[in-house]
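> My structure is stored as entry.txt, with compact mmCIF, C-alpha atoms.
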```
# COMPACT_ATOMS: atom_id res chain seq x y z
CA MET A 2 25.81 10.78 5.20
CA ASP A 3 25.31 14.43 5.88
CA PHE A 4 22.32 15.91 4.13
CA ILE A 5 24.40 18.73 2.63
CA THR A 6 26.48 16.19 0.70
CA LEU A 7 23.36 14.87 -1.00
CA GLY A 8 21.13 17.86 -1.41
CA GLY A 9 23.51 20.74 -2.07
CA ASN A 10 23.76 23.85 0.09
CA SER A 11 21.66 23.86 3.19
CA LEU A 12 19.15 26.67 3.07
CA GLY A 13 18.40 26.41 6.74
CA THR A 14 16.52 24.22 9.18
CA ILE A 15 13.09 24.60 10.79
CA PRO A 16 13.29 23.02 14.23
CA LEU A 17 9.84 21.96 15.45
CA GLY A 18 10.84 20.33 18.70
CA ASP A 19 12.07 16.83 17.96
CA ILE A 20 11.29 17.10 14.26
CA VAL A 21 13.78 19.20 12.35
CA LEU A 22 12.82 20.12 8.82
CA TYR A 23 15.85 20.81 6.67
CA LEU A 24 15.68 22.69 3.42
CA THR A 25 18.07 21.86 0.60
CA PRO A 26 17.76 22.69 -3.12
CA PHE A 27 17.14 18.98 -3.77
CA ASN A 28 14.12 18.74 -1.47
CA LEU A 29 12.74 22.11 -2.48
CA PHE A 30 13.03 21.19 -6.17
CA LEU A 31 11.10 17.93 -5.71
CA PHE A 32 8.54 19.67 -3.51
CA GLY A 33 8.05 22.52 -5.99
CA ILE A 34 7.72 20.23 -9.00
CA LEU A 35 5.08 18.13 -7.28
CA LEU A 36 3.13 21.18 -6.17
CA LEU A 37 3.27 22.50 -9.74
CA PHE A 38 1.90 19.24 -11.07
CA THR A 39 -0.81 19.21 -8.43
CA VAL A 40 -1.92 22.69 -9.47
CA MET A 41 -1.88 21.64 -13.13
CA ILE A 42 -3.99 18.61 -12.32
CA ALA A 43 -6.43 20.66 -10.27
CA PHE A 44 -7.17 22.94 -13.22
CA SER A 45 -7.04 20.52 -16.13
CA LYS A 46 -9.84 18.81 -17.98
CA PRO A 47 -10.00 15.06 -18.48
CA GLU A 48 -8.95 13.57 -21.77
CA ILE A 49 -11.55 11.87 -23.95
CA GLN A 50 -10.46 8.59 -25.40
CA THR A 51 -11.74 7.36 -28.75
CA GLU A 52 -11.96 3.68 -29.38
CA ALA A 53 -12.37 2.08 -32.78
CA SER A 54 -15.48 -0.03 -32.66
CA LEU A 55 -15.16 -3.64 -33.70
CA GLY A 56 -16.57 -4.63 -37.10
CA GLY A 57 -17.31 -1.09 -38.32
CA LEU A 58 -15.74 2.20 -39.27
CA SER A 59 -17.20 4.35 -36.51
CA ASN A 60 -15.40 5.48 -33.37
CA THR A 61 -16.82 5.55 -29.90
CA GLU A 62 -15.91 8.12 -27.26
CA VAL A 63 -15.09 6.89 -23.80
CA LYS A 64 -16.10 9.63 -21.39
CA VAL A 65 -15.84 10.07 -17.68
CA THR A 66 -19.03 11.12 -15.93
CA PRO A 67 -18.82 14.46 -14.05
CA LYS A 68 -19.36 12.81 -10.66
CA GLU A 69 -16.57 10.33 -11.22
CA PHE A 70 -14.40 13.10 -12.64
CA LYS A 71 -14.83 15.26 -9.54
CA GLN A 72 -14.01 12.41 -7.20
CA ARG A 73 -10.93 11.52 -9.18
CA ARG A 74 -9.69 15.08 -9.33
CA PHE A 75 -10.16 15.52 -5.60
CA LEU A 76 -8.24 12.33 -4.81
CA SER A 77 -5.50 13.22 -7.31
CA VAL A 78 -4.98 16.62 -5.71
CA ILE A 79 -4.78 15.04 -2.27
CA CYS A 80 -2.37 12.46 -3.66
CA GLY A 81 -0.18 15.22 -5.10
CA LEU A 82 -0.17 17.08 -1.78
CA ALA A 83 0.70 13.91 0.13
CA SER A 84 3.62 13.17 -2.18
CA ALA A 85 4.76 16.79 -1.88
CA GLY A 86 4.65 16.34 1.89
CA ALA A 87 6.77 13.22 1.59
CA MET A 88 9.34 15.25 -0.33
CA ILE A 89 9.81 17.92 2.32
CA THR A 90 9.29 16.03 5.57
CA GLY A 91 12.20 15.66 7.97
CA ASP A 92 10.72 12.80 9.95
CA LEU A 93 11.07 9.14 9.07
CA PHE A 94 7.64 8.16 10.29
CA ASN A 95 5.90 11.04 8.55
CA PHE A 96 7.51 9.80 5.39
CA THR A 97 6.10 6.30 5.89
CA LEU A 98 2.68 7.76 6.65
CA PHE A 99 2.71 9.89 3.51
CA MET A 100 3.80 6.80 1.61
CA ALA A 101 0.92 4.71 2.95
CA PHE A 102 -1.48 7.59 2.28
CA VAL A 103 -0.31 7.79 -1.34
CA GLY A 104 -0.85 4.03 -1.62
CA ILE A 105 -4.47 4.28 -0.42
CA LEU A 106 -5.15 7.28 -2.66
CA ASN A 107 -3.81 5.43 -5.69
CA ILE A 108 -6.43 2.76 -5.09
CA GLY A 109 -9.05 5.42 -4.50
CA ILE A 110 -8.37 7.21 -7.80
CA VAL A 111 -9.19 4.12 -9.83
CA SER A 112 -11.87 2.76 -7.50
CA ALA A 113 -14.77 4.39 -9.38
CA VAL A 114 -13.96 3.05 -12.86
CA LYS A 115 -16.27 0.63 -14.62
CA GLN A 116 -13.72 -1.72 -16.18
CA THR A 117 -13.53 -5.02 -14.34
CA SER A 118 -9.90 -5.59 -15.33
CA VAL A 119 -8.82 -2.26 -13.81
CA LEU A 120 -10.68 -3.03 -10.60
CA ASN A 121 -9.05 -6.43 -10.57
CA SER A 122 -5.55 -4.99 -10.80
CA ALA A 123 -6.41 -2.31 -8.24
CA PHE A 124 -7.47 -5.09 -5.89
CA ASN A 125 -4.19 -6.91 -6.43
CA TYR A 126 -2.19 -3.74 -5.99
CA GLY A 127 -4.10 -3.04 -2.79
CA LEU A 128 -3.24 -6.46 -1.43
CA ILE A 129 0.46 -5.89 -2.11
CA ALA A 130 0.27 -2.42 -0.57
CA MET A 131 -1.37 -3.82 2.54
CA MET A 132 1.16 -6.60 2.92
CA CYS A 133 3.97 -4.12 2.46
CA SER A 134 2.73 -1.95 5.29
CA LEU A 135 4.35 -4.57 7.57
CA PRO A 136 7.93 -3.92 6.39
CA LEU A 137 7.20 -0.20 5.94
CA PHE A 138 5.98 0.59 9.43
CA GLY A 139 7.98 -2.23 11.01
CA GLY A 140 11.21 -0.90 9.53
CA ALA A 141 10.49 2.61 10.81
CA ALA A 142 9.67 1.20 14.26
CA ILE A 143 12.93 -0.81 14.34
CA VAL A 144 14.90 2.32 13.42
CA LEU A 145 13.11 4.17 16.21
CA ALA A 146 13.84 1.42 18.73
CA SER A 147 17.53 1.18 17.89
CA THR A 148 18.32 4.89 17.67
CA GLY A 149 15.68 6.53 19.84
CA THR A 150 14.79 9.12 17.23
CA LEU A 151 12.88 9.43 13.98
CA SER A 152 14.33 12.76 12.93
CA LEU A 153 16.28 12.41 9.69
CA PHE A 154 18.48 15.30 10.78
CA GLU A 155 19.62 13.33 13.83
CA LEU A 156 19.75 10.00 12.01
CA SER A 157 22.10 11.45 9.40
CA GLN A 158 24.60 12.36 12.16
CA MET A 159 24.67 8.84 13.62
CA THR A 160 26.61 5.85 12.38
CA ALA A 161 24.28 3.03 11.43
CA SER A 162 24.25 -0.02 13.71
CA PRO A 163 23.32 -3.43 12.22
CA MET A 164 19.79 -3.10 13.59
CA VAL A 165 19.35 0.25 11.84
CA VAL A 166 20.58 -1.27 8.59
CA PHE A 167 18.05 -4.09 8.99
CA GLY A 168 15.26 -1.66 9.78
CA ILE A 169 15.97 0.69 6.90
CA LEU A 170 16.29 -2.17 4.40
CA LEU A 171 12.96 -3.53 5.64
CA MET A 172 11.54 -0.07 5.11
CA LEU A 173 12.93 0.02 1.57
CA LEU A 174 11.11 -3.25 0.86
CA GLY A 175 7.93 -1.65 2.16
CA ILE A 176 8.38 1.47 0.02
CA ILE A 177 9.01 -0.63 -3.08
CA GLY A 178 5.85 -2.63 -2.52
CA GLU A 179 3.69 0.30 -1.48
CA SER A 180 4.66 2.44 -4.47
CA GLY A 181 4.48 -0.55 -6.79
CA VAL A 182 7.86 -0.40 -8.53
CA ALA A 183 10.23 -3.08 -9.78
CA PRO A 184 9.08 -6.55 -8.68
CA PHE A 185 5.55 -5.43 -7.84
CA PHE A 186 4.75 -3.30 -10.87
CA ALA A 187 2.67 -5.87 -12.75
CA SER A 188 -0.72 -5.02 -11.28
CA LYS A 189 -0.02 -1.31 -10.97
CA ALA A 190 0.73 -0.87 -14.67
CA GLU A 191 -2.70 -2.32 -15.46
CA MET A 192 -4.41 0.28 -13.28
CA PHE A 193 -3.69 2.99 -15.86
CA ARG A 194 -5.78 1.45 -18.62
CA THR A 195 -8.79 3.62 -18.13
CA PRO A 196 -9.86 7.05 -19.44
CA GLY A 197 -9.19 10.18 -17.42
CA SER A 198 -5.52 10.68 -18.09
CA PRO A 199 -4.24 13.73 -16.18
CA PHE A 200 -5.50 12.31 -12.93
CA LEU A 201 -4.05 8.90 -13.50
CA VAL A 202 -0.61 10.38 -14.18
CA ILE A 203 -0.27 11.34 -10.52
CA ILE A 204 -0.28 7.63 -9.63
CA HIS A 205 2.85 7.21 -11.69
CA LEU A 206 4.44 10.49 -10.73
CA SER A 207 4.02 10.07 -6.98
CA SER A 208 5.71 6.67 -6.93
CA LEU A 209 8.55 8.00 -9.09
CA PHE A 210 9.24 10.94 -6.79
CA ILE A 211 8.84 8.91 -3.63
CA ILE A 212 11.44 6.41 -4.80
CA VAL A 213 13.89 9.28 -5.40
CA ARG A 214 13.26 10.58 -1.91
CA ALA A 215 13.51 7.08 -0.44
CA VAL A 216 16.98 6.68 -1.97
CA GLU A 217 17.99 9.96 -0.38
CA ILE A 218 16.70 8.82 3.02
CA LEU A 219 18.46 5.49 2.62
CA LEU A 220 21.77 7.19 1.90
CA LEU A 221 21.25 9.65 4.76
CA VAL A 222 20.70 6.91 7.32
CA LEU A 223 23.06 4.22 6.05
CA VAL A 224 26.19 5.98 4.85
CA MET B 24 22.15 -2.07 20.63
CA PHE B 25 18.95 -0.51 22.02
CA ILE B 26 18.49 2.77 23.75
CA ALA B 27 16.44 2.39 26.90
CA PRO B 28 16.30 4.43 30.13
CA ASN B 29 17.63 2.78 33.28
CA ALA B 30 14.21 2.82 34.89
CA ILE B 31 12.97 0.11 32.55
CA SER B 32 13.59 -3.38 33.83
CA VAL B 33 15.88 -5.75 31.94
CA GLY B 34 13.09 -8.29 31.55
CA PHE B 35 10.94 -5.78 29.72
CA ILE B 36 13.75 -4.78 27.37
CA SER B 37 14.58 -8.42 26.61
CA MET B 38 11.04 -8.87 25.30
CA TYR B 39 11.77 -6.55 22.41
CA LEU B 40 13.58 -9.00 20.13
CA PRO B 41 11.09 -11.89 20.61
CA ALA B 42 8.26 -9.46 19.82
CA ILE B 43 9.93 -8.42 16.56
CA TYR B 44 10.59 -12.04 15.64
CA ALA B 45 6.98 -12.91 16.45
CA GLY B 46 5.76 -10.10 14.21
CA LEU B 47 8.00 -11.11 11.33
CA ILE B 48 7.07 -14.79 11.67
CA VAL B 49 3.34 -14.01 11.78
CA GLY B 50 3.76 -11.84 8.70
CA PHE B 51 5.67 -14.60 6.96
CA ILE B 52 3.04 -17.23 7.80
CA GLY B 53 0.33 -14.87 6.59
CA SER B 54 2.17 -14.32 3.31
CA ILE B 55 2.57 -18.07 2.78
CA ALA B 56 -1.14 -18.56 3.45
CA ILE B 57 -1.94 -15.87 0.87
CA ALA B 58 0.29 -17.66 -1.63
CA ILE B 59 -1.51 -20.96 -1.03
CA ASN B 60 -5.09 -19.72 -0.88
CA ARG B 61 -6.69 -18.62 -4.12
CA ARG B 62 -10.08 -17.35 -3.02
CA GLU B 63 -10.18 -13.58 -2.96
CA ILE B 64 -12.17 -13.03 0.20
CA HIS B 65 -9.80 -15.35 2.09
CA ILE B 66 -6.82 -13.50 0.69
CA LEU B 67 -8.31 -10.23 1.95
CA ILE B 68 -8.74 -11.61 5.46
CA LEU B 69 -5.27 -13.13 5.46
CA THR B 70 -3.80 -9.81 4.34
CA ASP B 71 -5.28 -8.30 7.46
CA ILE B 72 -3.25 -10.78 9.49
CA VAL B 73 -0.07 -9.47 7.87
CA GLY B 74 -1.24 -5.98 8.74
CA LEU B 75 -1.76 -6.98 12.37
CA ALA B 76 1.77 -8.38 12.45
CA MET B 77 2.90 -4.85 11.58
CA LEU B 78 1.22 -3.66 14.77
CA PHE B 79 3.24 -6.27 16.72
CA ILE B 80 6.50 -4.78 15.51
CA VAL B 81 5.46 -1.19 16.09
CA ALA B 82 4.06 -1.99 19.52
CA ALA B 83 7.28 -3.79 20.47
CA VAL B 84 9.02 -0.41 20.73
CA GLY B 85 6.87 0.20 23.80
CA THR B 86 7.30 3.95 24.31
CA ASP B 87 4.75 6.73 24.18
CA LEU B 88 6.12 7.55 20.73
CA ALA B 89 5.26 3.99 19.69
CA GLU B 90 1.67 4.62 20.71
CA ALA B 91 1.70 7.64 18.43
CA LEU B 92 2.86 5.31 15.66
CA ILE B 93 0.34 2.56 16.36
CA LEU B 94 -2.73 4.76 15.93
CA PRO B 95 -1.84 5.97 12.42
CA GLY B 96 -0.69 2.47 11.55
CA LEU B 97 -4.02 1.04 12.66
CA VAL B 98 -5.94 3.73 10.78
CA VAL B 99 -3.93 3.13 7.60
CA GLU B 100 -4.55 -0.59 7.97
CA LEU B 101 -8.29 -0.10 8.39
CA ALA B 102 -8.48 2.37 5.52
CA GLU B 103 -6.70 0.00 3.20
CA THR B 104 -8.94 -2.90 4.18
CA LEU B 105 -12.02 -0.75 3.59
CA ALA B 106 -10.73 0.53 0.25
CA ILE B 107 -9.85 -2.94 -1.02
CA SER B 108 -13.11 -4.52 0.11
CA GLU B 109 -14.98 -1.63 -1.51
CA ILE B 110 -13.16 -2.33 -4.78
CA LEU B 111 -13.93 -6.03 -4.48
CA LEU B 112 -17.59 -5.21 -3.91
CA SER B 113 -17.90 -2.77 -6.81
CA ARG B 114 -16.14 -5.23 -9.10
CA GLU B 115 -18.63 -7.94 -8.18
CA MET B 116 -21.46 -5.47 -8.75
CA HIS B 117 -20.15 -4.72 -12.25
CA LYS B 118 -19.85 -8.41 -12.97
CA LEU B 119 -23.44 -8.93 -11.86
CA GLU B 120 -24.63 -6.03 -14.01
CA LYS B 121 -22.96 -7.46 -17.07
CA ASP B 122 -24.23 -10.97 -16.51
CA LYS B 123 -28.03 -10.80 -16.66
CA ARG B 124 -28.56 -14.40 -15.71
CA ARG B 125 -27.08 -13.94 -12.28
CA THR B 126 -29.58 -11.75 -10.53
CA THR B 127 -29.07 -13.10 -7.04
CA SER B 128 -27.99 -10.87 -4.19
CA LEU B 129 -24.46 -10.97 -2.83
CA PHE B 130 -25.71 -13.04 0.09
CA PRO B 131 -25.32 -16.63 -1.11
CA THR B 132 -27.99 -18.56 0.78
CA PRO B 133 -31.62 -17.71 1.55
CA PHE B 134 -31.69 -16.24 5.02
CA LEU B 135 -34.79 -17.51 6.76
CA LEU B 136 -33.98 -18.08 10.38
CA ASP B 137 -37.09 -17.54 12.45
CA MET B 138 -35.67 -17.52 15.94
CA GLU B 139 -36.63 -15.15 18.70
CA VAL B 140 -33.03 -14.53 19.67
CA MET B 141 -32.41 -12.98 16.26
CA THR B 142 -34.81 -10.14 17.08
CA THR B 143 -34.13 -9.64 20.76
CA ALA B 144 -30.36 -10.12 20.99
CA PRO B 145 -29.34 -7.12 18.80
CA ASN B 146 -31.41 -4.75 20.92
CA PHE B 147 -29.91 -6.15 24.10
CA ILE B 148 -26.33 -6.01 22.78
CA ALA B 149 -26.93 -2.44 21.56
CA LEU B 150 -28.24 -1.47 25.01
CA VAL B 151 -25.23 -3.06 26.74
CA LEU B 152 -22.84 -1.26 24.41
CA VAL B 153 -24.52 2.11 24.92
CA VAL B 154 -24.56 1.75 28.71
CA TYR B 155 -20.97 0.51 28.80
CA GLY B 156 -19.95 3.41 26.59
CA MET B 157 -21.62 5.86 29.01
CA PHE B 158 -19.47 4.46 31.81
CA LEU B 159 -16.27 4.67 29.80
CA THR B 160 -16.74 8.31 28.63
CA GLY B 161 -14.19 10.01 26.44
CA PHE B 162 -13.18 8.84 23.01
CA THR B 163 -13.36 5.09 23.65
CA GLY B 164 -16.73 5.44 25.31
CA GLY B 165 -18.03 7.43 22.37
CA ALA B 166 -16.85 4.78 19.96
CA VAL B 167 -18.48 2.00 22.00
CA THR B 168 -21.75 3.91 22.35
CA GLY B 169 -21.72 4.78 18.67
CA GLY B 170 -21.10 1.13 17.86
CA GLY B 171 -24.15 0.24 19.95
CA ILE B 172 -26.33 2.80 18.16
CA LEU B 173 -25.02 1.58 14.82
CA LEU B 174 -25.78 -2.05 15.72
CA TYR B 175 -29.30 -1.05 16.76
CA ALA B 176 -29.87 0.83 13.51
CA ILE B 177 -28.48 -1.97 11.36
CA SER B 178 -30.48 -4.68 13.12
CA ARG B 179 -33.70 -2.66 12.77
CA LYS B 180 -32.90 -1.96 9.15
CA ALA B 181 -32.24 -5.64 8.50
CA ARG B 182 -35.67 -6.53 9.86
CA GLY B 183 -37.30 -3.84 7.72
CA LEU B 184 -38.43 -1.75 10.68
CA PRO B 185 -38.38 2.06 10.58
CA ILE B 186 -35.51 3.94 12.21
CA ALA B 187 -36.65 7.22 13.67
CA VAL B 188 -34.18 7.80 16.47
CA PHE B 189 -31.39 9.68 14.73
CA ASP B 190 -33.00 12.78 13.25
CA GLY B 191 -31.92 14.94 16.14
CA ILE B 192 -28.35 13.82 15.95
CA GLY B 193 -27.08 17.11 14.52
CA GLY B 194 -28.44 18.93 17.56
CA VAL B 195 -26.83 16.45 19.94
CA SER B 196 -23.52 16.99 18.20
CA GLY B 197 -23.82 20.75 18.69
CA ILE B 198 -24.63 20.36 22.38
CA ALA B 199 -21.65 18.04 22.76
CA TRP B 200 -19.42 20.63 21.17
CA CYS B 201 -20.66 23.28 23.63
CA LEU B 202 -20.12 20.93 26.59
CA TRP B 203 -16.59 20.25 25.46
CA LEU B 204 -15.82 23.97 25.02
CA ILE B 205 -17.30 24.88 28.41
CA GLY B 206 -15.23 22.15 30.04
CA PHE B 207 -12.12 23.34 28.28
CA VAL B 208 -12.64 26.97 29.30
CA LEU B 209 -13.44 26.01 32.92
CA PHE B 210 -10.09 24.25 33.10
CA PHE B 211 -8.30 27.56 32.59
CA VAL B 212 -10.67 29.95 34.34
CA MET B 213 -11.42 27.93 37.44
CA PRO B 214 -8.82 25.20 37.88
CA GLN B 215 -10.25 24.25 41.29
CA PHE B 216 -13.32 22.81 39.51
CA TRP B 217 -11.14 20.50 37.42
CA MET B 218 -13.32 17.52 38.16
CA ILE B 219 -16.51 19.00 36.70
CA SER B 220 -14.69 20.42 33.68
CA LEU B 221 -13.05 17.07 33.04
CA LEU B 222 -16.43 15.36 33.20
CA LEU B 223 -18.00 17.99 30.93
CA ALA B 224 -15.24 17.61 28.36
CA ALA B 225 -15.33 13.82 28.54
CA PHE B 226 -19.12 13.73 28.25
CA GLY B 227 -19.03 16.16 25.33
CA LEU B 228 -16.45 14.05 23.58
CA LEU B 229 -18.53 10.94 24.24
CA LEU B 230 -21.61 12.49 22.67
CA LYS B 231 -19.53 13.83 19.81
CA VAL B 232 -17.96 10.50 18.89
CA ALA B 233 -21.18 8.59 19.51
CA SER B 234 -23.14 10.89 17.24
CA LYS B 235 -20.41 10.63 14.57
CA VAL B 236 -20.49 6.84 14.58
CA GLY B 237 -24.27 6.87 14.73
CA LEU B 238 -24.27 9.18 11.72
CA ILE B 239 -22.53 6.49 9.70
CA GLY B 240 -25.59 4.33 10.28
CA VAL B 241 -27.89 7.09 9.01
CA LEU B 242 -25.75 7.68 5.94
CA MET B 243 -25.67 3.96 5.26
CA LYS B 244 -29.45 3.85 5.51
CA GLU B 245 -29.75 6.71 3.01
CA ASP B 246 -27.34 4.98 0.64
CA LEU B 247 -29.37 1.78 0.82
CA GLU B 248 -32.59 3.64 0.15
CA ASN B 249 -31.08 5.48 -2.82
CA GLU B 250 -29.85 2.25 -4.34
CA GLY B 251 -33.21 0.63 -3.73
CA GLY B 252 -34.95 3.55 -5.45
CA ASN B 253 -32.79 3.26 -8.53
```
How does this structure look as structure tokens?


Amino acid sequence: MDFITLGGNSLGTIPLGDIVLYLTPFNLFLFGILLLFTVMIAFSKPEIQTEASLGGLSNTEVKVTPKEFKQRRFLSVICGLASAGAMITGDLFNFTLFMAFVGILNIGIVSAVKQTSVLNSAFNYGLIAMMCSLPLFGGAAIVLASTGTLSLFELSQMTASPMVVFGILLMLLGIIGESGVAPFFASKAEMFRTPGSPFLVIIHLSSLFIIVRAVEILLLVLV
Amino acid sequence: MFIAPNAISVGFISMYLPAIYAGLIVGFIGSIAIAINRREIHILILTDIVGLAMLFIVAAVGTDLAEALILPGLVVELAETLAISEILLSREMHKLEKDKRRTTSLFPTPFLLDMEVMTTAPNFIALVLVVYGMFLTGFTGGAVTGGGILLYAISRKARGLPIAVFDGIGGVSGIAWCLWLIGFVLFFVMPQFWMISLLLAAFGLLLKVASKVGLIGVLMKEDLENEGGN
């Protein structure tokens, strides 16, 4: 499918050799929203959770230490930038790389927490993400081998051969696993159960946006 | 079905599909093994096998572009392995902290092997790696040399001996940078001396990478000392 059909009016292309960046309102909107959220995260303070203590009337505050807070904020900002890059990129392999990067950063954001259960689910999510790098990169490589290009601009002009369909579906499987949606969400949902909210939200937000972009790429290449 | 220039022989192109199948089958076998095995450290190692199968499929493309894809793929793979093992380690640390009865180290058995080869072999292997790295030059050489330095540092650290070799490493890194720049400039100013500029650049890069990898050893030593102090 042509990218104008999906994304609205074309606002122009930026040809960088083989890689052609194309700008549509759709991509720019996603890109802008993610950048906005990244800026908000960079300048926000962490939430402080209060927990009711067992067998008494007092509450206890669950705080994040400044060192842990700084590390988390740094990784969240990088994660936001990587997802913003995935929104605007015009290259299939750059998209997979941004996706894998977001996956690693998601693990990194929760890696410093003290709760054993959160670390446990982060470990499980990491295993799924690592296994799904096979279909993710493999799918992109199969698309490259059967079309000779990774540029989404060029791929959208071609008609999909069976091998391309196989490759792009394999890639979809990889994206689903790496971003931890639908069948693989179990461990990822558990990763949120820790204080430090605004930084943890980017874990959720990045996978949400990346799935939207992945559907666009799928339609571009397949239809 | 595939786009390939005429210069590539038919036999080479026909290897593409078997390579993809091999990758997928290896990945599948790895996934089955993960499903069967329940011990976490085994699962981690088996996951690496699935990751290596990914490299099969990417490498099967066999163009220079594929090489550009393999390197990031490999780096992502390594980074994920490191991140996950780090999480596993910190989780075990937290478990140990909570459970006061278990005060043993992470190493399960007492390690008392008094053999001469345990003290001499690391030095020898480190020397071989450094010398081999010198011959290789460039990025690979730097990595090999750095690996040798790292092995030397770790083996000395493990035996409780002082490490005093790496304090000048920042200076070496600066010199390497200058060598690389001089080589680069010579390329453009005096192209007839391409050989010496190539060697300068390669040697600079070697020192640069070696010092970087060696630095990891120093940082690791500092980390260990900090933890020991606490």

> When you get a sec, could you note down which chain A residues fall within 9 Å of chain B, using all atoms listed in the file, as a PyMOL selection string?

chain A and resi 94+98+101-102+104-105+108-109+112-113+115-118+120-121+123-125+127-143+145-149+162-164

> Pick out the residues sitting within 12 Å of A:Leu7, and hand them over as a list in words; count only C-alpha atoms, and ignore anything fewer than 5 positions along from it in its own chain.

Met2, Leu24, Thr25, Pro26, Phe27, Asn28, Ser157, Val213, Arg214, Val216, Glu217, Ile218, Leu219, Leu220, Leu221, Val222 and Val224 of chain A

> Just the number, please: distance in Å from atom CA of A:Val78 to atom CA of A:Ile42, one decimal.

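Straight-line distance from atom CA of A:Val78 to atom CA of A:Ile42 works out to 7.0 Å.
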
> Of the candidates B:Trp217, B:Tyr175, B:Trp200, B:Phe211, which shows the shortest atom-to-atom distance to B:Leu150, using only C-alpha atoms?

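Checking each of B:Trp217, B:Tyr175, B:Trp200, B:Phe211 against B:Leu150, counting only C-alpha atoms, the winner is B:Tyr175.
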
> I want to know what sits within 12 Å of stretch 11-16 of chain A, based on only C-alpha atoms, with residues of the same chain fewer than 2 positions away left out; could you give that as a PyMOL selection string?

chain A and resi 3-9+18-29+89-92+152-155

> Report the distance between atom CA of A:Glu179 and atom CA of A:Ser208 in Å, rounded to one decimal place.

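Computing the Euclidean distance for atom CA of A:Glu179 and atom CA of A:Ser208 yields 8.6 Å.
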
> Report, in Å to a single decimal, how far apart atom CA of B:Phe207 and atom CA of B:Ala224 are.

6.5 Å

> Have stretch 64-75 of chain B completed to N, CA, C and O atoms, please, and pass it along as a PDB file, in the frame of the given file.


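Output file out-v1.pdb is given in full below:
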```
ATOM      1  N   ILE B  64     -11.726 -13.535  -1.106  1.00  0.00           N
ATOM      2  CA  ILE B  64     -12.170 -13.030   0.200  1.00  0.00           C
ATOM      3  C   ILE B  64     -11.244 -13.562   1.294  1.00  0.00           C
ATOM      4  O   ILE B  64     -10.913 -12.867   2.244  1.00  0.00           O
ATOM      5  N   HIS B  65     -10.745 -14.803   1.111  1.00  0.00           N
ATOM      6  CA  HIS B  65      -9.800 -15.350   2.090  1.00  0.00           C
ATOM      7  C   HIS B  65      -8.492 -14.586   2.046  1.00  0.00           C
ATOM      8  O   HIS B  65      -7.885 -14.309   3.083  1.00  0.00           O
ATOM      9  N   ILE B  66      -8.066 -14.255   0.817  1.00  0.00           N
ATOM     10  CA  ILE B  66      -6.820 -13.500   0.690  1.00  0.00           C
ATOM     11  C   ILE B  66      -6.935 -12.171   1.417  1.00  0.00           C
ATOM     12  O   ILE B  66      -6.024 -11.743   2.128  1.00  0.00           O
ATOM     13  N   LEU B  67      -8.103 -11.528   1.289  1.00  0.00           N
ATOM     14  CA  LEU B  67      -8.310 -10.230   1.950  1.00  0.00           C
ATOM     15  C   LEU B  67      -8.185 -10.370   3.461  1.00  0.00           C
ATOM     16  O   LEU B  67      -7.522  -9.562   4.120  1.00  0.00           O
ATOM     17  N   ILE B  68      -8.790 -11.422   4.005  1.00  0.00           N
ATOM     18  CA  ILE B  68      -8.740 -11.610   5.460  1.00  0.00           C
ATOM     19  C   ILE B  68      -7.317 -11.932   5.904  1.00  0.00           C
ATOM     20  O   ILE B  68      -6.827 -11.417   6.912  1.00  0.00           O
ATOM     21  N   LEU B  69      -6.640 -12.772   5.100  1.00  0.00           N
ATOM     22  CA  LEU B  69      -5.270 -13.130   5.460  1.00  0.00           C
ATOM     23  C   LEU B  69      -4.342 -11.924   5.381  1.00  0.00           C
ATOM     24  O   LEU B  69      -3.393 -11.816   6.156  1.00  0.00           O
ATOM     25  N   THR B  70      -4.624 -11.015   4.443  1.00  0.00           N
ATOM     26  CA  THR B  70      -3.800  -9.810   4.340  1.00  0.00           C
ATOM     27  C   THR B  70      -3.915  -8.980   5.606  1.00  0.00           C
ATOM     28  O   THR B  70      -2.957  -8.341   6.033  1.00  0.00           O
ATOM     29  N   ASP B  71      -5.091  -9.010   6.209  1.00  0.00           N
ATOM     30  CA  ASP B  71      -5.280  -8.300   7.460  1.00  0.00           C
ATOM     31  C   ASP B  71      -4.390  -8.856   8.559  1.00  0.00           C
ATOM     32  O   ASP B  71      -3.915  -8.116   9.418  1.00  0.00           O
ATOM     33  N   ILE B  72      -4.143 -10.170   8.503  1.00  0.00           N
ATOM     34  CA  ILE B  72      -3.250 -10.780   9.490  1.00  0.00           C
ATOM     35  C   ILE B  72      -1.844 -10.219   9.357  1.00  0.00           C
ATOM     36  O   ILE B  72      -1.188  -9.873  10.344  1.00  0.00           O
ATOM     37  N   VAL B  73      -1.396 -10.067   8.091  1.00  0.00           N
ATOM     38  CA  VAL B  73      -0.070  -9.470   7.870  1.00  0.00           C
ATOM     39  C   VAL B  73      -0.050  -8.051   8.419  1.00  0.00           C
ATOM     40  O   VAL B  73       0.930  -7.618   9.028  1.00  0.00           O
ATOM     41  N   GLY B  74      -1.172  -7.331   8.226  1.00  0.00           N
ATOM     42  CA  GLY B  74      -1.240  -5.980   8.740  1.00  0.00           C
ATOM     43  C   GLY B  74      -1.176  -5.945  10.262  1.00  0.00           C
ATOM     44  O   GLY B  74      -0.548  -5.062  10.851  1.00  0.00           O
ATOM     45  N   LEU B  75      -1.797  -6.937  10.901  1.00  0.00           N
ATOM     46  CA  LEU B  75      -1.760  -6.980  12.370  1.00  0.00           C
ATOM     47  C   LEU B  75      -0.352  -7.287  12.864  1.00  0.00           C
ATOM     48  O   LEU B  75       0.071  -6.796  13.903  1.00  0.00           O
TER      49      LEU B  75
END
```
